[in-house]
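Source file: query.tsv; contents: TSV, C-alpha atoms and all ligand atoms.
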```tsv
chain	number	residue	atom	x	y	z
Q	5	MET	CA	100.16	120.54	66.53
Q	6	LYS	CA	96.71	119.03	66.90
Q	7	ASN	CA	95.38	119.06	70.45
Q	8	ASN	CA	98.28	121.18	71.65
Q	9	PRO	CA	97.71	121.58	75.39
Q	10	LEU	CA	100.11	124.51	75.61
Q	11	SER	CA	97.60	127.03	74.30
Q	12	LYS	CA	96.48	127.96	77.83
Q	13	SER	CA	99.97	128.90	78.90
Q	14	GLU	CA	103.01	130.95	78.00
Q	15	TYR	CA	105.07	127.89	78.81
Q	16	LYS	CA	107.71	127.05	76.23
Q	17	ARG	CA	109.33	123.67	76.30
Q	18	VAL	CA	112.51	122.60	74.55
Q	19	ALA	CA	111.96	119.51	72.38
Q	20	LEU	CA	113.09	116.29	74.02
Q	21	ASP	CA	115.81	114.04	72.65
Q	22	VAL	CA	114.82	110.45	73.34
Q	23	PRO	CA	117.82	108.06	73.68
Q	24	ASN	CA	119.13	106.70	70.39
Q	25	GLY	CA	116.92	109.14	68.48
Q	26	GLU	CA	113.84	106.95	69.12
Q	27	LYS	CA	110.55	108.43	67.94
Q	28	LYS	CA	108.29	106.35	70.18
Q	29	LEU	CA	108.30	105.16	73.76
Q	30	VAL	CA	106.24	103.65	76.56
Q	31	LEU	CA	105.51	105.87	79.54
Q	32	HIS	CA	104.74	104.12	82.79
Q	33	SER	CA	102.29	106.43	84.51
Q	34	CYS	CA	101.42	106.43	88.21
Q	35	CYS	CA	98.68	109.09	88.18
Q	36	ALA	CA	97.37	112.14	86.31
Q	37	PRO	CA	99.09	114.90	88.34
Q	38	CYS	CA	102.56	113.31	88.07
Q	39	SER	CA	102.23	112.31	84.43
Q	40	GLY	CA	100.42	115.38	83.02
Q	41	GLU	CA	103.61	117.35	82.46
Q	42	VAL	CA	105.52	114.31	81.22
Q	43	ILE	CA	102.78	113.40	78.73
Q	44	GLU	CA	102.64	116.97	77.48
Q	45	ALA	CA	106.44	117.23	77.11
Q	46	ILE	CA	106.60	114.02	75.09
Q	47	HIS	CA	103.51	114.96	73.06
Q	48	VAL	CA	104.78	118.39	71.99
Q	49	SER	CA	108.17	116.90	71.08
Q	50	GLY	CA	106.48	114.88	68.36
Q	51	VAL	CA	107.35	111.58	70.03
Q	52	LYS	CA	104.69	108.86	69.88
Q	53	GLN	CA	103.88	107.55	73.33
Q	54	THR	CA	101.81	104.79	74.83
Q	55	VAL	CA	100.80	105.45	78.40
Q	56	PHE	CA	100.94	102.26	80.44
Q	57	PHE	CA	98.93	102.30	83.67
Q	58	TYR	CA	100.05	99.44	85.84
Q	59	ASN	CA	99.71	100.27	89.54
Q	60	PRO	CA	98.36	97.36	91.59
Q	61	ASN	CA	99.87	99.06	94.65
Q	62	ILE	CA	97.04	101.62	94.81
Q	63	HIS	CA	94.58	100.93	97.60
Q	64	PRO	CA	91.62	100.76	97.95
Q	65	LYS	CA	90.01	99.99	94.62
Q	66	GLU	CA	87.92	103.19	94.45
Q	67	GLU	CA	91.13	105.18	94.84
Q	68	TYR	CA	92.75	103.10	92.10
Q	69	LEU	CA	89.81	103.69	89.76
Q	70	MET	CA	89.79	107.43	90.43
Q	71	ARG	CA	93.53	107.78	89.69
Q	72	LYS	CA	93.24	105.63	86.59
Q	73	ASP	CA	90.17	107.42	85.21
Q	74	GLU	CA	91.77	110.83	85.71
Q	75	ASN	CA	94.85	109.68	83.83
Q	76	LYS	CA	92.79	108.23	80.99
Q	77	ARG	CA	90.71	111.40	80.74
Q	78	TYR	CA	93.85	113.44	79.97
Q	79	CYS	CA	95.17	110.88	77.46
Q	80	ASP	CA	91.81	110.79	75.69
Q	81	LYS	CA	91.84	114.56	75.45
Q	82	LEU	CA	95.24	114.51	73.72
Q	83	GLY	CA	94.48	111.44	71.61
Q	84	ILE	CA	97.15	109.33	73.29
Q	85	GLU	CA	96.92	105.57	73.59
Q	86	PHE	CA	96.23	104.48	77.19
Q	87	ILE	CA	96.81	100.90	78.28
Q	88	ASP	CA	94.83	99.82	81.30
Q	89	ALA	CA	96.92	96.97	82.70
Q	90	ASP	CA	96.01	94.49	85.42
Q	91	TYR	CA	95.03	95.38	88.95
Q	92	ASP	CA	96.68	92.27	90.34
Q	93	THR	CA	96.77	93.28	93.98
Q	94	LYS	CA	97.35	89.70	95.14
Q	95	ASN	CA	100.73	89.67	93.44
Q	96	TRP	CA	101.59	93.10	94.80
Q	97	PHE	CA	100.81	92.11	98.41
Q	98	SER	CA	102.77	88.89	98.07
Q	99	ARG	CA	105.73	90.75	96.59
Q	100	VAL	CA	105.97	93.24	99.49
Q	101	LYS	CA	105.19	90.68	102.21
Q	102	GLY	CA	107.48	91.13	105.19
Q	103	PHE	CA	108.14	94.80	104.39
Q	104	GLU	CA	104.81	96.26	105.48
Q	105	ASN	CA	106.49	98.46	108.08
Q	106	GLU	CA	109.23	99.87	105.91
Q	107	PRO	CA	109.26	103.67	105.69
Q	108	GLU	CA	108.52	105.40	102.39
Q	109	ARG	CA	111.57	105.26	100.08
Q	110	GLY	CA	112.63	102.05	101.86
Q	111	HIS	CA	112.89	98.50	100.52
Q	112	ARG	CA	109.10	98.05	100.09
Q	113	CYS	CA	109.16	100.90	97.58
Q	114	THR	CA	112.03	99.26	95.68
Q	115	LEU	CA	109.96	96.09	95.39
Q	116	CYS	CA	106.95	98.14	94.31
Q	117	PHE	CA	108.93	99.96	91.60
Q	118	ASP	CA	110.52	96.69	90.44
Q	119	MET	CA	107.14	95.05	89.98
Q	120	ARG	CA	105.63	97.94	88.05
Q	121	PHE	CA	108.67	98.39	85.83
Q	122	GLU	CA	109.08	94.69	85.09
Q	123	ARG	CA	105.53	94.61	83.72
Q	124	THR	CA	106.11	97.81	81.75
Q	125	ALA	CA	109.34	96.43	80.27
Q	126	LEU	CA	107.54	93.26	79.20
Q	127	PHE	CA	104.83	95.31	77.49
Q	128	ALA	CA	107.47	97.45	75.76
Q	129	LYS	CA	109.34	94.39	74.53
Q	130	GLU	CA	106.23	92.60	73.34
Q	131	ASN	CA	105.08	95.67	71.45
Q	132	ASP	CA	108.34	96.53	69.75
Q	133	TYR	CA	109.31	99.59	71.78
Q	134	LYS	CA	112.99	100.20	72.51
Q	135	VAL	CA	112.61	102.80	75.27
Q	136	PHE	CA	110.42	103.20	78.32
Q	137	THR	CA	110.35	105.80	81.05
Q	138	SER	CA	108.20	106.74	84.04
Q	139	SER	CA	106.44	109.67	85.66
Q	140	LEU	CA	107.24	108.32	89.13
Q	141	GLY	CA	110.40	110.40	89.57
Q	142	ILE	CA	108.72	113.79	89.12
Q	143	SER	CA	107.42	113.77	92.67
Q	144	ARG	CA	109.71	115.43	95.21
Q	145	TRP	CA	108.71	112.71	97.69
Q	146	LYS	CA	110.49	110.09	95.61
Q	147	ASN	CA	114.14	109.07	95.44
Q	148	MET	CA	115.19	109.39	91.79
Q	149	GLU	CA	118.18	107.12	92.24
Q	150	GLN	CA	115.99	104.35	93.64
Q	151	ILE	CA	113.52	104.69	90.77
Q	152	ASN	CA	116.22	104.79	88.10
Q	153	LYS	CA	117.90	101.70	89.52
Q	154	SER	CA	114.64	99.74	89.28
Q	155	GLY	CA	113.94	101.02	85.78
Q	156	LEU	CA	117.40	100.16	84.48
Q	157	GLN	CA	117.24	96.73	86.06
Q	158	ALA	CA	113.86	96.00	84.46
Q	159	ALA	CA	115.13	97.12	81.03
Q	160	ASN	CA	118.17	94.87	81.40
Q	161	ARG	CA	115.94	91.81	81.36
Q	162	TYR	CA	115.61	92.24	77.58
Q	163	SER	CA	117.99	92.91	74.74
Q	164	ASN	CA	117.53	96.15	72.86
Q	165	LEU	CA	115.42	97.84	75.54
Q	166	SER	CA	116.43	100.94	77.55
Q	167	TYR	CA	115.01	102.76	80.51
Q	168	TRP	CA	115.20	106.53	80.02
Q	169	THR	CA	116.33	108.19	83.28
Q	170	PHE	CA	115.29	111.70	82.21
Q	171	ASN	CA	114.75	114.04	85.19
Q	172	TRP	CA	111.23	115.41	84.61
Q	173	ARG	CA	111.46	117.71	87.62
Q	174	LYS	CA	114.07	119.94	85.99
Q	175	LYS	CA	113.76	122.81	83.49
Q	176	GLY	CA	110.45	123.95	84.92
Q	177	GLY	CA	108.90	120.49	84.88
Q	178	ALA	CA	107.87	120.47	88.55
Q	179	GLN	CA	106.17	123.85	88.20
Q	180	ARG	CA	104.47	122.85	84.96
Q	181	MET	CA	103.16	119.73	86.70
Q	182	ILE	CA	101.20	121.96	89.08
Q	183	GLU	CA	99.98	124.25	86.28
Q	184	ILE	CA	98.55	121.35	84.29
Q	185	SER	CA	97.03	119.74	87.38
Q	186	LYS	CA	95.22	123.00	88.13
Q	187	SER	CA	94.05	123.69	84.60
Q	188	GLU	CA	92.80	120.11	84.22
Q	189	LYS	CA	91.39	120.07	87.78
Q	190	PHE	CA	92.94	116.66	88.41
Q	191	TYR	CA	92.07	114.61	91.45
Q	192	GLN	CA	94.65	115.34	94.15
Q	193	GLN	CA	95.65	112.31	96.13
Q	194	GLU	CA	97.19	112.82	99.55
Q	195	TYR	CA	99.24	109.64	99.97
Q	196	CYS	CA	101.57	107.68	97.75
Q	197	GLY	CA	99.19	104.84	97.01
Q	198	CYS	CA	99.46	101.64	99.03
Q	199	VAL	CA	97.54	100.80	102.18
Q	200	PHE	CA	100.76	101.17	104.18
Q	201	SER	CA	101.42	104.69	102.89
Q	202	LEU	CA	97.81	105.59	103.76
Q	203	ARG	CA	98.32	104.22	107.27
Q	204	ASP	CA	101.66	106.02	107.75
Q	205	THR	CA	100.46	109.36	106.39
Q	206	ASN	CA	97.46	109.27	108.72
Q	207	ARG	CA	99.73	108.31	111.61
Q	208	TRP	CA	101.99	111.27	110.87
Q	209	ARG	CA	98.99	113.58	110.62
Q	210	LYS	CA	97.68	112.44	113.98
Q	211	GLU	CA	101.07	113.06	115.60
Q	212	ASN	CA	101.11	116.53	114.06
Q	213	ASN	CA	97.52	117.41	114.99
Q	214	ARG	CA	96.37	117.35	111.40
Q	215	GLU	CA	93.12	115.93	110.05
Q	216	ARG	CA	93.02	112.42	108.62
Q	217	ILE	CA	93.04	111.96	104.86
Q	218	THR	CA	89.63	112.18	103.26
Q	219	ARG	CA	89.88	110.32	99.99
Q	220	LEU	CA	88.20	111.09	96.65
Q	221	VAL	CA	87.15	114.65	97.45
Q	222	LYS	CA	90.13	116.91	96.75
Q	223	PHE	CA	90.79	118.32	93.29
Q	224	TYR	CA	93.39	120.86	92.14
N	301	LIG	S1	104.78	104.00	99.57
N	301	LIG	FE1	104.35	104.23	97.37
N	301	LIG	S2	106.15	103.46	96.27
N	301	LIG	FE2	106.26	102.75	98.39
N	301	LIG	S3	105.31	100.73	98.37
N	301	LIG	FE3	103.70	102.15	98.88
N	301	LIG	S4	102.75	102.71	96.93
N	301	LIG	FE4	104.74	101.73	96.45
```
Spell out the structure here as structure tokens.
Ligand code: SF4
Amino acid sequence: MKNNPLSKSEYKRVALDVPNGEKKLVLHSCCAPCSGEVIEAIHVSGVKQTVFFYNPNIHPKEEYLMRKDENKRYCDKLGIEFIDADYDTKNWFSRVKGFENEPERGHRCTLCFDMRFERTALFAKENDYKVFTSSLGISRWKNMEQINKSGLQAANRYSNLSYWTFNWRKKGGAQRMIEISKSEKFYQQEYCGCVFSLRDTNRWRKENNRERITRLVKFY
């Protein structure tokens, strides 16, 4: 296959079966490290994908631009369509208002997933896709059940649209995620994304005598 990224590795992946035998899908991507393995797996399975980057949760803007540019760089390399959606932070802050002090994996995160998936579902529907999925669940810091619930709910807003709950962590996916991140030298973020996760991670680090996060300098 053209632009096969597997040439650097012995890694062998079993071809994916997209629900209902679909040959194209929308992938909601949160960042390059999480989506690298997912993009590759879909790519080598011969499934057409559109990567949809909609993450108005990421703060501050320089961090958002870094994560987005890294993701686009990988898509460009593989010749995959990359949609740069809105950075409508105002809507994101108003959506999570009142839940600023929720812990990670709490209700604020549900609202954050809902917002990102609702926009992705709308894009999928408007562009004649029948399936969408997300790279969000590959991170071990995330609750798969919580993510899947939001994805399924967003898909249910439209007829003939499904959210694919595939577990990207399994069958070597989590390990492959690290391999690709290292070979591509992706930017390595140290907090989930929002200003509250930045605050809480730094708070935890202080309590555990660890240095504060220094953004935009760490690469795999
Ligand atoms: S911690 Fe992550 S998932 Fe939760 S609200 Fe913040 S950016 Fe969204």
Please find the residues contacting ligand LIG 301 (chain N) at a distance of at most 10 Å between atoms, with all atoms listed in the file counted, and report them as a VMD selection string.
chain Q and resid 34 59 to 63 96 to 97 100 103 to 104 106 to 120 140 145 to 147 151 195 to 202 204 to 205
Mind running segment 46-72 of chain Q against segment 85-93 of chain Q at 10 Å and telling me each contacting residue's nearest atom pair with the distance in Å (one decimal), counting all atoms listed in the file, chain and number ascending, as JSON lines?
```
{"residue": "Q:Lys52", "atom": "CA", "partner": "Q:Glu85", "partner_atom": "CA", "distance": 9.2}
{"residue": "Q:Gln53", "atom": "CA", "partner": "Q:Glu85", "partner_atom": "CA", "distance": 7.2}
{"residue": "Q:Thr54", "atom": "CA", "partner": "Q:Glu85", "partner_atom": "CA", "distance": 5.1}
{"residue": "Q:Val55", "atom": "CA", "partner": "Q:Phe86", "partner_atom": "CA", "distance": 4.8}
{"residue": "Q:Phe56", "atom": "CA", "partner": "Q:Ile87", "partner_atom": "CA", "distance": 4.9}
{"residue": "Q:Phe57", "atom": "CA", "partner": "Q:Asp88", "partner_atom": "CA", "distance": 5.3}
{"residue": "Q:Tyr58", "atom": "CA", "partner": "Q:Ala89", "partner_atom": "CA", "distance": 5.1}
{"residue": "Q:Asn59", "atom": "CA", "partner": "Q:Tyr91", "partner_atom": "CA", "distance": 6.8}
{"residue": "Q:Pro60", "atom": "CA", "partner": "Q:Tyr91", "partner_atom": "CA", "distance": 4.7}
{"residue": "Q:Asn61", "atom": "CA", "partner": "Q:Thr93", "partner_atom": "CA", "distance": 6.6}
{"residue": "Q:Ile62", "atom": "CA", "partner": "Q:Thr93", "partner_atom": "CA", "distance": 8.4}
{"residue": "Q:His63", "atom": "CA", "partner": "Q:Thr93", "partner_atom": "CA", "distance": 8.7}
{"residue": "Q:Pro64", "atom": "CA", "partner": "Q:Thr93", "partner_atom": "CA", "distance": 9.9}
{"residue": "Q:Lys65", "atom": "CA", "partner": "Q:Tyr91", "partner_atom": "CA", "distance": 8.9}
{"residue": "Q:Tyr68", "atom": "CA", "partner": "Q:Tyr91", "partner_atom": "CA", "distance": 8.6}
{"residue": "Q:Leu69", "atom": "CA", "partner": "Q:Tyr91", "partner_atom": "CA", "distance": 9.8}
{"residue": "Q:Lys72", "atom": "CA", "partner": "Q:Asp88", "partner_atom": "CA", "distance": 8.0}
```
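Our summary of the geometry notes that atom CA of Asn95 of chain Q is positioned 16.2 Å from atom CA of Leu126 of chain Q.
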